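Undergrad: To be precise about what I am sending: the file is called coords16.cif and holds mmCIF, C-alpha atoms.
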data_work
loop_
_atom_site.label_atom_id
_atom_site.label_comp_id
_atom_site.auth_asym_id
_atom_site.auth_seq_id
_atom_site.Cartn_x
_atom_site.Cartn_y
_atom_site.Cartn_z
CA MET A 1 -54.86 9.12 69.65
CA LYS A 2 -52.25 8.05 67.08
CA ASN A 3 -54.99 7.21 64.57
CA LEU A 4 -56.61 10.61 65.16
CA ALA A 5 -53.32 12.40 64.53
CA GLU A 6 -52.74 10.38 61.36
CA SER A 7 -56.27 11.12 60.15
CA TYR A 8 -55.74 14.84 60.74
CA ARG A 9 -52.43 14.76 58.88
CA THR A 10 -53.99 12.98 55.90
CA ARG A 11 -56.94 15.36 55.59
CA TYR A 12 -55.61 18.71 56.77
CA TYR A 13 -51.80 18.84 56.95
CA ILE A 14 -49.98 20.95 54.35
CA SER A 15 -46.20 21.20 54.33
CA PRO A 16 -44.74 24.60 55.29
CA LYS A 17 -43.04 24.85 51.89
CA ASP A 18 -46.38 24.43 50.08
CA LEU A 19 -47.80 27.17 52.32
CA ALA A 20 -45.02 29.67 51.62
CA ASP A 21 -47.21 31.53 49.13
CA ALA A 22 -50.10 31.70 51.61
CA ALA A 23 -47.58 32.95 54.18
CA GLU A 24 -46.70 35.92 51.96
CA THR A 25 -50.40 36.74 51.70
CA ASN A 26 -50.62 36.58 55.50
CA ARG A 27 -47.66 38.96 55.75
CA LEU A 28 -49.26 41.55 53.47
CA HIS A 29 -52.63 41.24 55.21
CA THR A 30 -50.89 41.66 58.57
CA ILE A 31 -49.38 44.97 57.43
CA VAL A 32 -52.85 46.26 56.52
CA VAL A 33 -54.56 44.96 59.67
CA SER A 34 -51.74 46.19 61.93
CA SER A 35 -51.89 49.65 60.38
CA LEU A 36 -55.63 49.81 61.05
CA LEU A 37 -55.15 48.63 64.63
CA PHE A 38 -52.45 51.27 65.17
CA PHE A 39 -54.64 54.14 63.99
CA PHE A 40 -57.61 52.81 65.95
CA GLY A 41 -55.51 52.37 69.08
CA ILE A 42 -53.64 55.68 68.97
CA LEU A 43 -56.77 57.75 68.31
CA ASP A 44 -58.68 56.14 71.17
CA PHE A 45 -55.62 56.29 73.44
CA LEU A 46 -55.37 60.03 72.87
CA ALA A 47 -59.13 60.39 73.40
CA VAL A 48 -58.83 58.70 76.82
CA ILE A 49 -55.91 60.99 77.74
CA LEU A 50 -58.12 63.97 76.85
CA LEU A 51 -60.91 62.61 79.07
CA ILE A 52 -58.49 62.24 81.97
CA PHE A 53 -57.40 65.88 81.63
CA THR A 54 -60.97 67.17 81.39
CA ARG A 55 -62.80 64.87 83.83
CA GLY A 56 -60.09 63.61 86.13
CA MET A 57 -58.70 60.13 86.72
CA ASN A 58 -61.14 57.22 86.73
CA GLY A 59 -60.47 53.50 87.28
CA LYS A 60 -61.96 52.58 83.93
CA TYR A 61 -59.71 55.06 82.19
CA ILE A 62 -56.65 53.14 83.35
CA PHE A 63 -58.02 49.91 81.84
CA SER A 64 -58.85 51.81 78.65
CA LEU A 65 -55.31 53.18 78.40
CA VAL A 66 -53.92 49.66 78.71
CA TYR A 67 -56.51 48.32 76.26
CA PHE A 68 -55.89 50.90 73.53
CA GLY A 69 -52.16 50.90 74.29
CA ILE A 70 -52.05 47.20 73.37
CA PHE A 71 -53.73 47.94 70.04
CA THR A 72 -51.24 50.75 69.36
CA LEU A 73 -48.15 48.76 70.31
CA TYR A 74 -49.26 45.73 68.34
CA GLY A 75 -49.94 47.93 65.33
CA ILE A 76 -46.34 49.18 65.40
CA PHE A 77 -44.97 45.68 66.02
CA GLY A 78 -47.10 44.06 63.30
CA VAL A 79 -45.99 46.49 60.58
CA LEU A 80 -42.28 46.53 61.49
CA TYR A 81 -42.11 42.76 62.02
CA SER A 82 -43.89 42.00 58.75
CA ILE A 83 -41.57 44.28 56.80
CA LYS A 84 -38.50 42.72 58.41
CA ILE A 85 -39.43 39.11 57.56
CA LYS A 86 -40.23 39.79 53.91
CA ASN A 87 -37.33 37.69 52.60
CA VAL A 88 -37.28 34.86 55.14
CA GLU A 89 -36.52 31.39 53.73
CA ARG A 90 -39.54 29.75 52.11
CA GLU A 91 -39.27 26.65 54.32
CA LYS A 92 -39.64 28.87 57.41
CA ALA A 93 -41.91 31.50 55.89
CA TYR A 94 -45.25 30.07 56.98
CA PHE A 95 -44.31 29.97 60.65
CA TYR A 96 -42.76 33.43 60.85
CA LYS A 97 -45.33 35.16 58.65
CA THR A 98 -48.35 33.60 60.38
CA VAL A 99 -47.36 34.21 64.02
CA PRO A 100 -48.68 37.83 63.87
CA PHE A 101 -52.08 36.50 62.81
CA TYR A 102 -52.46 34.48 65.99
CA LEU A 103 -51.52 37.57 68.00
CA VAL A 104 -54.21 39.56 66.16
CA LEU A 105 -56.75 36.82 66.90
CA LEU A 106 -55.75 36.79 70.57
CA ILE A 107 -56.15 40.56 70.72
CA GLY A 108 -59.58 40.31 69.08
CA VAL A 109 -60.80 37.61 71.45
CA GLY A 110 -59.24 39.46 74.37
CA ALA A 111 -61.10 42.61 73.30
CA ALA A 112 -64.35 40.65 73.39
CA VAL A 113 -63.70 39.53 76.97
CA TYR A 114 -62.67 43.08 77.90
CA ASN A 115 -65.98 44.44 76.57
CA PHE A 116 -67.82 41.86 78.65
CA TYR A 117 -66.22 42.21 82.04
CA VAL A 118 -64.49 45.61 82.14
CA LEU A 119 -66.67 47.88 80.02
CA GLY A 120 -69.83 46.03 80.99
CA GLN A 121 -70.97 45.79 77.35
CA PRO A 122 -71.91 42.13 76.79
CA PHE A 123 -73.55 42.70 73.42
CA ASN A 124 -70.40 44.39 72.09
CA GLY A 125 -68.37 41.50 73.50
CA VAL A 126 -70.29 38.92 71.48
CA ILE A 127 -70.09 41.07 68.35
CA VAL A 128 -66.31 41.60 68.68
CA PHE A 129 -65.77 37.87 69.28
CA SER A 130 -67.75 36.94 66.17
CA LEU A 131 -66.10 39.62 64.04
CA ALA A 132 -62.61 38.52 65.08
CA GLY A 133 -63.36 34.92 64.13
CA PHE A 134 -65.12 35.50 60.83
CA LEU A 135 -62.68 38.20 59.65
CA ALA A 136 -59.83 35.77 60.37
CA LEU A 137 -61.57 33.13 58.26
CA CYS A 138 -61.99 35.56 55.37
CA THR A 139 -58.53 37.14 55.49
CA PHE A 140 -55.82 34.71 56.63
CA SER A 141 -54.50 31.21 56.05
CA PHE A 142 -53.93 29.29 59.28
CA SER A 143 -54.02 25.93 61.01
CA PRO A 144 -57.54 25.16 62.31
CA VAL A 145 -56.31 23.62 65.58
CA PRO A 146 -54.75 26.70 67.28
CA PHE A 147 -57.55 28.81 65.80
CA SER A 148 -60.14 26.56 67.49
CA ILE A 149 -58.23 26.55 70.78
CA ILE A 150 -58.15 30.36 70.91
CA LEU A 151 -61.86 30.60 70.09
CA PHE A 152 -62.74 27.96 72.69
CA ALA A 153 -60.70 29.71 75.39
CA GLY A 154 -62.40 33.05 74.65
CA MET A 155 -65.87 31.51 74.67
CA ALA A 156 -65.15 29.65 77.91
CA ALA A 157 -64.23 32.95 79.56
CA MET A 158 -67.43 34.60 78.33
CA VAL A 159 -69.91 31.77 79.06
CA PRO A 160 -70.91 33.02 82.55
CA GLY A 161 -71.48 36.55 81.25
CA ILE A 162 -73.38 35.38 78.18
CA TYR A 163 -75.69 33.23 80.26
CA ARG A 164 -76.23 36.00 82.81
CA ASN A 165 -77.12 38.61 80.18
CA PHE A 166 -78.71 36.59 77.38
CA LYS A 167 -79.91 33.42 79.15
CA MET A 168 -79.75 29.95 77.63
CA SER A 169 -80.90 30.91 74.13
CA GLY A 170 -78.15 33.54 73.84
CA LEU A 171 -75.57 31.08 75.15
CA ALA A 172 -76.71 28.43 72.65
CA ASP A 173 -76.48 30.91 69.76
CA SER A 174 -72.98 32.03 70.80
CA ILE A 175 -71.71 28.46 71.10
CA LEU A 176 -73.28 27.63 67.73
CA ALA A 177 -71.46 30.58 66.14
CA MET A 178 -68.15 29.40 67.66
CA VAL A 179 -68.68 25.81 66.45
CA LEU A 180 -69.60 27.10 62.99
CA MET A 181 -66.35 29.09 62.81
CA MET A 182 -64.36 26.00 63.83
CA VAL A 183 -66.09 23.84 61.21
CA ILE A 184 -65.43 26.47 58.52
CA ALA A 185 -61.76 26.62 59.58
CA PHE A 186 -61.34 22.86 59.10
CA TYR A 187 -63.29 22.94 55.82
CA LYS A 188 -61.18 25.86 54.59
CA ARG A 189 -57.96 23.97 55.34
CA ARG A 190 -59.32 20.89 53.53
CA VAL A 191 -60.11 22.99 50.45
CA GLU A 192 -56.68 24.63 50.70
CA LYS A 193 -55.02 21.20 50.77
CA LYS A 194 -56.87 20.14 47.60
CA PHE A 195 -55.92 23.43 45.93
CA VAL A 196 -52.24 22.89 46.78
CA ALA A 197 -52.43 19.39 45.28
CA MET A 198 -53.92 20.87 42.09
CA LEU A 199 -51.13 23.47 41.91
CA ASN A 200 -48.47 20.78 42.35
CA LYS A 201 -50.03 18.95 39.41
CA GLN A 202 -50.00 22.17 37.39
CA LYS A 203 -46.29 22.52 38.13
CA LYS A 204 -45.55 19.58 35.80
CA ASN A 205 -46.72 21.65 32.81
CA LEU A 206 -45.49 25.16 33.68
CA GLU A 207 -41.78 25.79 33.21
CA ALA A 208 -39.42 28.74 33.17
CA LYS A 209 -36.05 28.47 31.43
CA THR A 210 -33.68 31.16 32.70
CA PHE A 211 -30.23 29.90 31.63
CA GLY A 212 -29.57 31.67 28.35
CA ASN A 213 -32.59 33.69 27.22
CA PHE A 214 -35.67 33.69 29.42
CA THR A 215 -38.53 31.52 28.13
CA LEU A 216 -41.85 30.69 29.80
CA LEU A 217 -43.52 27.46 28.64
CA TYR A 218 -46.77 25.62 29.29
CA ASP A 219 -47.23 22.10 27.96
CA ASN A 220 -43.86 22.54 26.20
CA LYS A 221 -45.20 25.52 24.24
CA VAL A 222 -43.94 29.10 24.65
CA ILE A 223 -46.47 31.34 26.37
CA LYS A 224 -47.00 34.34 24.11
CA PHE A 225 -48.05 37.69 25.54
CA ALA A 226 -49.56 40.55 23.56
CA ARG A 227 -46.98 42.99 24.98
CA SER A 228 -43.23 42.35 24.92
CA LYS A 229 -42.60 43.73 28.40
CA SER A 230 -45.15 41.33 29.91
CA SER A 231 -42.57 38.56 29.58
CA GLU A 232 -39.90 40.77 31.17
CA LEU A 233 -42.20 41.53 34.10
CA ILE A 234 -42.72 37.81 34.71
CA ALA A 235 -38.96 37.21 34.33
CA TYR A 236 -38.11 39.82 36.98
CA LEU A 237 -40.64 38.39 39.43
CA ILE A 238 -39.26 34.88 38.87
CA CYS A 239 -35.82 36.30 39.61
CA LYS A 240 -37.23 37.61 42.92
CA ASN A 241 -38.14 34.03 43.91
CA GLY A 242 -41.59 34.72 45.35
CA SER A 243 -40.82 38.00 47.13
CA SER A 244 -43.36 40.80 46.71
CA VAL A 245 -42.28 43.75 44.55
CA LYS A 246 -43.96 47.14 44.54
CA THR A 247 -45.26 48.77 41.37
CA LYS A 248 -42.72 51.62 41.58
CA GLU A 249 -39.77 49.21 41.54
CA LEU A 250 -41.22 47.26 38.61
CA ILE A 251 -41.77 50.44 36.58
CA SER A 252 -38.17 51.43 37.28
CA VAL A 253 -36.91 48.03 36.10
CA LEU A 254 -39.04 47.98 32.96
CA TRP A 255 -38.66 51.60 31.81
CA GLY A 256 -35.57 52.91 33.59
CA ASP A 257 -34.61 54.44 36.94
CA HIS A 258 -36.08 57.81 36.03
CA ALA A 259 -39.43 56.48 34.80
CA ASP A 260 -42.34 58.45 36.25
CA SER A 261 -44.85 56.20 38.02
CA ALA A 262 -47.71 58.53 37.13
CA ARG A 263 -46.78 58.54 33.45
CA TYR A 264 -46.03 54.85 33.09
CA GLY A 265 -48.72 53.64 35.47
CA ALA A 266 -51.21 53.07 32.64
CA ASN A 267 -48.61 51.13 30.65
CA PHE A 268 -47.89 48.96 33.66
CA ARG A 269 -51.59 48.25 34.26
CA ASN A 270 -51.86 47.17 30.63
CA LEU A 271 -49.07 44.65 31.22
CA VAL A 272 -50.88 43.26 34.25
CA VAL A 273 -54.10 42.88 32.25
CA ASP A 274 -52.18 41.19 29.42
CA ILE A 275 -50.52 38.71 31.79
CA ARG A 276 -53.75 37.86 33.57
CA HIS A 277 -55.58 37.37 30.29
CA SER A 278 -52.87 35.15 28.78
CA LEU A 279 -52.57 32.97 31.90
CA SER A 280 -56.34 32.75 32.28
CA GLU A 281 -56.71 31.45 28.72
CA LEU A 282 -54.31 28.62 29.63
CA GLU A 283 -56.12 28.08 32.96
CA ILE A 284 -52.91 28.70 34.90
CA GLN A 285 -53.84 29.48 38.51
CA ASN A 286 -52.11 31.12 41.47
CA PHE A 287 -48.91 31.86 39.58
CA PHE A 288 -49.00 35.62 39.00
CA ILE A 289 -50.30 37.28 42.16
CA SER A 290 -51.09 40.93 42.92
CA GLU A 291 -52.02 42.24 46.38
CA TYR A 292 -52.05 45.78 47.77
CA ASN A 293 -49.95 47.23 44.95
CA ASN A 294 -47.46 44.36 45.39
CA PHE A 295 -46.73 41.74 42.72
CA ARG A 296 -45.09 38.32 42.94
CA ILE A 297 -45.08 34.87 41.44
CA ASN A 298 -45.60 31.61 43.32
CA PRO A 299 -42.40 29.52 42.91
CA GLU A 300 -44.20 26.39 44.12
CA VAL A 301 -46.29 26.06 40.93
CA ILE A 302 -43.52 26.27 38.34
CA GLN A 303 -40.47 24.28 37.27
CA CYS A 304 -37.44 26.53 36.97
CA ASP A 305 -33.75 25.77 36.35
CA TYR A 306 -32.80 28.82 38.45
CA TYR A 307 -34.71 27.50 41.46
CA ASP A 308 -33.22 24.04 40.98
CA PHE A 309 -29.77 25.64 40.96
CA LEU A 310 -30.49 27.49 44.21
CA ASN A 311 -31.69 24.24 45.79
CA GLY A 312 -28.37 22.55 45.03
CA ASP A 313 -29.42 20.47 42.03
CA LYS A 314 -26.21 19.20 40.36
CA GLN A 315 -27.75 18.89 36.91
CA ALA A 316 -28.98 22.49 37.04
CA ALA A 317 -25.46 23.58 37.99
CA LYS A 318 -24.09 21.73 34.95
CA ASN A 319 -26.69 23.37 32.70
CA PHE A 320 -25.58 26.86 33.73
CA THR A 321 -23.02 28.07 31.19
CA GLY A 322 -22.59 31.66 32.38
CA GLU A 323 -25.75 33.13 30.91
CA PHE A 324 -28.89 34.06 32.87
CA MET A 325 -31.87 35.79 31.23
CA SER A 326 -29.41 37.20 28.73
CA GLN A 327 -31.87 39.57 27.06
CA TYR A 328 -32.30 41.65 30.24
CA SER A 329 -29.56 43.97 31.55
CA TRP A 330 -30.88 43.87 35.13
CA ALA A 331 -30.08 40.12 35.24
CA GLU A 332 -26.31 40.68 35.07
CA ASP A 333 -25.93 40.88 38.85
CA VAL A 334 -27.66 37.52 39.23
CA THR A 335 -25.36 36.04 36.58
CA GLY A 336 -22.36 37.11 38.67
CA PHE A 337 -23.96 35.62 41.78
CA LEU A 338 -24.49 32.27 40.03
CA GLU A 339 -20.91 32.25 38.72
CA ARG A 340 -19.56 32.81 42.24
CA LYS A 341 -21.66 29.92 43.54
CA ILE A 342 -20.24 27.68 40.82
CA LEU A 343 -16.68 28.63 41.80
CA LYS A 344 -17.38 27.82 45.43
#
Could you rewrite the structure in this file as structure tokens?

TA:
Amino acid sequence: MKNLAESYRTRYYISPKDLADAAETNRLHTIVVSSLLFFFGILDFLAVILLIFTRGMNGKYIFSLVYFGIFTLYGIFGVLYSIKIKNVEREKAYFYKTVPFYLVLLIGVGAAVYNFYVLGQPFNGVIVFSLAGFLALCTFSFSPVPFSIILFAGMAAMVPGIYRNFKMSGLADSILAMVLMMVIAFYKRRVEKKFVAMLNKQKKNLEAKTFGNFTLLYDNKVIKFARSKSSELIAYLICKNGSSVKTKELISVLWGDHADSARYGANFRNLVVDIRHSLSELEIQNFFISEYNNFRINPEVIQCDYYDFLNGDKQAAKNFTGEFMSQYSWAEDVTGFLERKILK
């Protein structure tokens, strides 16, 4: 058993800190998925209420109210929870930002069992089970072990119904689909582990100097962008230490508090294209990330004196002489924060 655990750790384990960036992706995906579940749940919940008023109370309606009520409540919880944990510490981020995923998966598998035994729709049950698993594989980052346990528990509950409705061939196909999802989950984690190792290697060459004027370097050479504000955009995201920032806030920072998003939207998109092009030419991966109108950088793939300072590095503290990204006015508040930390 000890050898098995060690083998798993060697092949599949990734430290929570290295998964902090994947955790932020999980958080943003959870907001989208939870919103969809809320609208799905509330619309069907209201439809069942309407049926009760028009046709009278029915036993199945009660189960349906509970069923769609769970979707609605989780939708509210998922959105509010994910917004609240936006700025959780990076060491704890993966745990807190991935918990909602497992709840979504449980709801999906539970919906499959519900279709089987309450609604009496075995075909829908198998479809929902498969969709829940494959959508999870395509959308989220997660540990393959709890994922496999949840799938196995759901399949075990459905085995009698699958055999009764689809006979042995249907049961064999369903089990094969479950095993395939488990294998893909382990393979996905293995690929993710190799990707993290590659990014850690990249970190040795990518560096941000923030004390004094901001400078972004790769292989000890300054990264040059076609547009001057591209560098400022990267600087602001580095200052945010991996947190997602919406387009509206970035436009306000770059062009002033009264900048019109509609007017400056094209300018901002040009900056994004410029940054992507410049980083792509240098083959820098997973550093500048955009998702759902949110932008961030991945702090785990870059060396940065500011991050070293925040982590308590004594040499970084000595290197700070009272100047932080001096060319940008919005950095003054951070300069004051760093000075207060020095005094403490």

Undergrad: Taking into account only C-alpha atoms, which residue in the set A:Asn267, A:Thr25, A:Asn298, A:Gln202 is nearest to Thr98 (chain A)?

TA: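 Distance minimum relative to Thr98 (chain A) lands on A:Thr25.
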
Undergrad: Counting only C-alpha atoms, what is within 9 Å of region 63-78 of chain A, bar same-chain residues fewer than 3 positions away, as JSON, numbers by chain?

TA: {"A": [30, 31, 33, 34, 35, 36, 37, 38, 39, 40, 41, 42, 43, 44, 45, 46, 48, 49, 59, 60, 81, 82, 83, 100, 103, 104, 107, 111, 114, 118, 119]}

Undergrad: Do you know which residues the PyMOL selection byres ((chain A and resi 142-159) around 7) returns on this file, as a PyMOL selection string?

TA: chain A and resi 106+109+113+140-141+160-163+171+178+182+185-186

Undergrad: Of the candidates A:Val222, A:Leu28, A:Ala47, A:Ala136, which shows the shortest atom-to-atom distance to Ser290 (chain A), using all atoms listed in the file?

TA: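 Ranking A:Val222, A:Leu28, A:Ala47, A:Ala136 by distance to Ser290 (chain A), first place goes to A:Leu28.
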
Undergrad: Contacts of Val196 (chain A) at 9 Å or less, counting only C-alpha atoms, minus same-chain residues fewer than 2 places along, as a PyMOL selection string?

TA: chain A and resi 14+18-19+191-194+198-201+301

Undergrad: Out of A:Phe129, A:Asn213, A:Asn220, A:Ser243, which residue has the shortest atom-to-atom distance to Ile85 (chain A) when counting only C-alpha atoms?

TA: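 For Ile85 (chain A), the nearest of the candidates is A:Ser243.
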
Undergrad: Return as a list in words the set of residues that the PyMOL selection byres ((chain A and resi 271) around 12) yields on the displayed structure.

TA: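 With the PyMOL selection byres ((chain A and resi 271) around 12) on this model, the match is Phe225, Ala226, Arg227, Ser228, Lys229, Ser230, Ser231, Glu232, Leu233, Ile234, Thr247, Leu250, Ile251, Leu254, Tyr264, Gly265, Ala266, Asn267, Phe268, Arg269, Asn270, Val272, Val273, Asp274, Ile275, Arg276, His277, Ser278 and Phe288 of chain A.
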
Undergrad: Identify, on the basis of only C-alpha atoms, every residue whose closest approach to Arg90 (chain A) does not exceed 12 Å; exclude the query and any residue fewer than 2 positions from it along the same chain; express the result as a ChimeraX atom specification.

TA: /A:15-24,85-88,92-97,241-243,298-300,307,311

Undergrad: Measure the distance from CA of Asp219 (chain A) to CA of Lys204 (chain A) in Å and round it to one decimal.

TA: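 Interatomic distance, CA of Asp219 (chain A) to CA of Lys204 (chain A): 8.4 Å.
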
Undergrad: By how many Å are CA of Phe134 (chain A) and CA of Glu89 (chain A) apart?

TA: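 CA of Phe134 (chain A) sits 29.8 Å away from CA of Glu89 (chain A).
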
Undergrad: Have a look at CA of Lys341 (chain A) and CA of Gly312 (chain A) and let me know their distance in Å, one decimal.

TA: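 Taking CA of Lys341 (chain A) as the start and CA of Gly312 (chain A) as the end point, the length is 10.1 Å.
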
Undergrad: Taking all atoms listed in the file into account, name the residue in A:Ser130, A:Thr215, A:Asn124, A:Ser244 that is nearest to Val179 (chain A).

TA: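 Using all atoms listed in the file, Val179 (chain A) sits closest to A:Ser130.
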
Undergrad: For each of A:Gly212, A:Gly110, A:Gly256, A:Gly120, take the minimum atom-to-atom distance to Tyr306 (chain A), counting all atoms listed in the file, then give the residue where this is smallest.

TA: A:Gly212

Undergrad: Can you pull out the residues contacting Leu216 (chain A)? Cut-off 9 Å, using all atoms listed in the file, and skip same-chain residues under 5 positions away; I want them as a ChimeraX atom specification.

TA: /A:206-210,221-224,231,234-235

Undergrad: What would the selection look like, as a ChimeraX atom specification, if the PyMOL selection byres ((chain A and resi 327-330) around 8) were run on the coordinates I just shared?

TA: /A:213-214,232,253,325-326,331-333

Undergrad: Please provide the set of residues having any atom within 12 Å of region 313-317 of chain A, restricted to all atoms listed in the file, with same-chain residues fewer than 4 positions apart removed, written as a ChimeraX atom specification.

TA: /A:209-211,303-309,321-323,338-344

Undergrad: Distance cut-off 7 Å, centre (-43.9, 45.5, 45.1) in file coordinates, counting only C-alpha atoms: which residues qualify? Return them as a list of chain:residue names.

TA: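 I get A:Ser244, A:Val245, A:Lys246, A:Thr247, A:Glu249, A:Asn293, A:Asn294, A:Phe295 for the residues within 7 Å of that point.
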
Undergrad: Output region 326-334 of chain A with all heavy atoms present, as a PDB file, in the frame of the given file.

TA:
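Result file part-v8.pdb:
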ATOM      1  N   SER A 326     -30.390  36.364  29.439  1.00  0.00           N
ATOM      2  CA  SER A 326     -29.410  37.200  28.730  1.00  0.00           C
ATOM      3  C   SER A 326     -30.001  38.445  28.079  1.00  0.00           C
ATOM      4  O   SER A 326     -29.287  39.435  27.857  1.00  0.00           O
ATOM      5  CB  SER A 326     -28.722  36.357  27.647  1.00  0.00           C
ATOM      6  OG  SER A 326     -28.129  35.222  28.229  1.00  0.00           O
ATOM      7  N   GLN A 327     -31.290  38.423  27.754  1.00  0.00           N
ATOM      8  CA  GLN A 327     -31.870  39.570  27.060  1.00  0.00           C
ATOM      9  C   GLN A 327     -32.169  40.756  27.979  1.00  0.00           C
ATOM     10  O   GLN A 327     -32.556  41.832  27.503  1.00  0.00           O
ATOM     11  CB  GLN A 327     -33.145  39.164  26.302  1.00  0.00           C
ATOM     12  CG  GLN A 327     -34.345  38.777  27.164  1.00  0.00           C
ATOM     13  CD  GLN A 327     -34.442  37.289  27.426  1.00  0.00           C
ATOM     14  OE1 GLN A 327     -33.482  36.704  27.915  1.00  0.00           O
ATOM     15  NE2 GLN A 327     -35.596  36.697  27.109  1.00  0.00           N
ATOM     16  N   TYR A 328     -31.962  40.583  29.296  1.00  0.00           N
ATOM     17  CA  TYR A 328     -32.300  41.650  30.240  1.00  0.00           C
ATOM     18  C   TYR A 328     -31.049  42.124  30.977  1.00  0.00           C
ATOM     19  O   TYR A 328     -30.346  41.322  31.619  1.00  0.00           O
ATOM     20  CB  TYR A 328     -33.334  41.156  31.256  1.00  0.00           C
ATOM     21  CG  TYR A 328     -34.574  40.572  30.617  1.00  0.00           C
ATOM     22  CD1 TYR A 328     -35.044  39.314  30.984  1.00  0.00           C
ATOM     23  CD2 TYR A 328     -35.275  41.279  29.632  1.00  0.00           C
ATOM     24  CE1 TYR A 328     -36.179  38.765  30.399  1.00  0.00           C
ATOM     25  CE2 TYR A 328     -36.412  40.740  29.041  1.00  0.00           C
ATOM     26  CZ  TYR A 328     -36.850  39.483  29.426  1.00  0.00           C
ATOM     27  OH  TYR A 328     -37.970  38.943  28.837  1.00  0.00           O
ATOM     28  N   SER A 329     -30.772  43.419  30.929  1.00  0.00           N
ATOM     29  CA  SER A 329     -29.560  43.970  31.550  1.00  0.00           C
ATOM     30  C   SER A 329     -29.591  43.843  33.070  1.00  0.00           C
ATOM     31  O   SER A 329     -28.540  43.689  33.702  1.00  0.00           O
ATOM     32  CB  SER A 329     -29.392  45.436  31.139  1.00  0.00           C
ATOM     33  OG  SER A 329     -30.522  46.205  31.549  1.00  0.00           O
ATOM     34  N   TRP A 330     -30.794  43.935  33.665  1.00  0.00           N
ATOM     35  CA  TRP A 330     -30.880  43.870  35.130  1.00  0.00           C
ATOM     36  C   TRP A 330     -30.491  42.499  35.677  1.00  0.00           C
ATOM     37  O   TRP A 330     -30.275  42.344  36.886  1.00  0.00           O
ATOM     38  CB  TRP A 330     -32.279  44.254  35.609  1.00  0.00           C
ATOM     39  CG  TRP A 330     -33.418  43.563  34.903  1.00  0.00           C
ATOM     40  CD1 TRP A 330     -34.211  44.091  33.932  1.00  0.00           C
ATOM     41  CD2 TRP A 330     -33.889  42.224  35.118  1.00  0.00           C
ATOM     42  NE1 TRP A 330     -35.147  43.173  33.519  1.00  0.00           N
ATOM     43  CE2 TRP A 330     -34.973  42.020  34.239  1.00  0.00           C
ATOM     44  CE3 TRP A 330     -33.506  41.189  35.963  1.00  0.00           C
ATOM     45  CZ2 TRP A 330     -35.669  40.811  34.169  1.00  0.00           C
ATOM     46  CZ3 TRP A 330     -34.191  39.990  35.906  1.00  0.00           C
ATOM     47  CH2 TRP A 330     -35.257  39.798  35.018  1.00  0.00           C
ATOM     48  N   ALA A 331     -30.398  41.485  34.794  1.00  0.00           N
ATOM     49  CA  ALA A 331     -30.080  40.120  35.240  1.00  0.00           C
ATOM     50  C   ALA A 331     -28.584  39.888  35.403  1.00  0.00           C
ATOM     51  O   ALA A 331     -28.169  38.818  35.873  1.00  0.00           O
ATOM     52  CB  ALA A 331     -30.676  39.103  34.274  1.00  0.00           C
ATOM     53  N   GLU A 332     -27.763  40.885  35.019  1.00  0.00           N
ATOM     54  CA  GLU A 332     -26.310  40.680  35.070  1.00  0.00           C
ATOM     55  C   GLU A 332     -25.794  40.412  36.478  1.00  0.00           C
ATOM     56  O   GLU A 332     -24.885  39.604  36.675  1.00  0.00           O
ATOM     57  CB  GLU A 332     -25.614  41.908  34.463  1.00  0.00           C
ATOM     58  CG  GLU A 332     -25.862  42.075  32.969  1.00  0.00           C
ATOM     59  CD  GLU A 332     -25.243  43.344  32.418  1.00  0.00           C
ATOM     60  OE1 GLU A 332     -24.607  44.085  33.217  1.00  0.00           O
ATOM     61  OE2 GLU A 332     -25.395  43.604  31.205  1.00  0.00           O
ATOM     62  N   ASP A 333     -26.370  41.094  37.474  1.00  0.00           N
ATOM     63  CA  ASP A 333     -25.930  40.880  38.850  1.00  0.00           C
ATOM     64  C   ASP A 333     -26.199  39.442  39.289  1.00  0.00           C
ATOM     65  O   ASP A 333     -25.392  38.839  40.015  1.00  0.00           O
ATOM     66  CB  ASP A 333     -26.640  41.849  39.794  1.00  0.00           C
ATOM     67  CG  ASP A 333     -26.171  43.279  39.608  1.00  0.00           C
ATOM     68  OD1 ASP A 333     -25.076  43.471  39.045  1.00  0.00           O
ATOM     69  OD2 ASP A 333     -26.904  44.207  40.015  1.00  0.00           O
ATOM     70  N   VAL A 334     -27.327  38.901  38.874  1.00  0.00           N
ATOM     71  CA  VAL A 334     -27.660  37.520  39.230  1.00  0.00           C
ATOM     72  C   VAL A 334     -26.701  36.555  38.545  1.00  0.00           C
ATOM     73  O   VAL A 334     -26.287  35.547  39.121  1.00  0.00           O
ATOM     74  CB  VAL A 334     -29.121  37.181  38.857  1.00  0.00           C
ATOM     75  CG1 VAL A 334     -29.457  35.753  39.271  1.00  0.00           C
ATOM     76  CG2 VAL A 334     -30.073  38.154  39.518  1.00  0.00           C
TER      77      VAL A 334
END
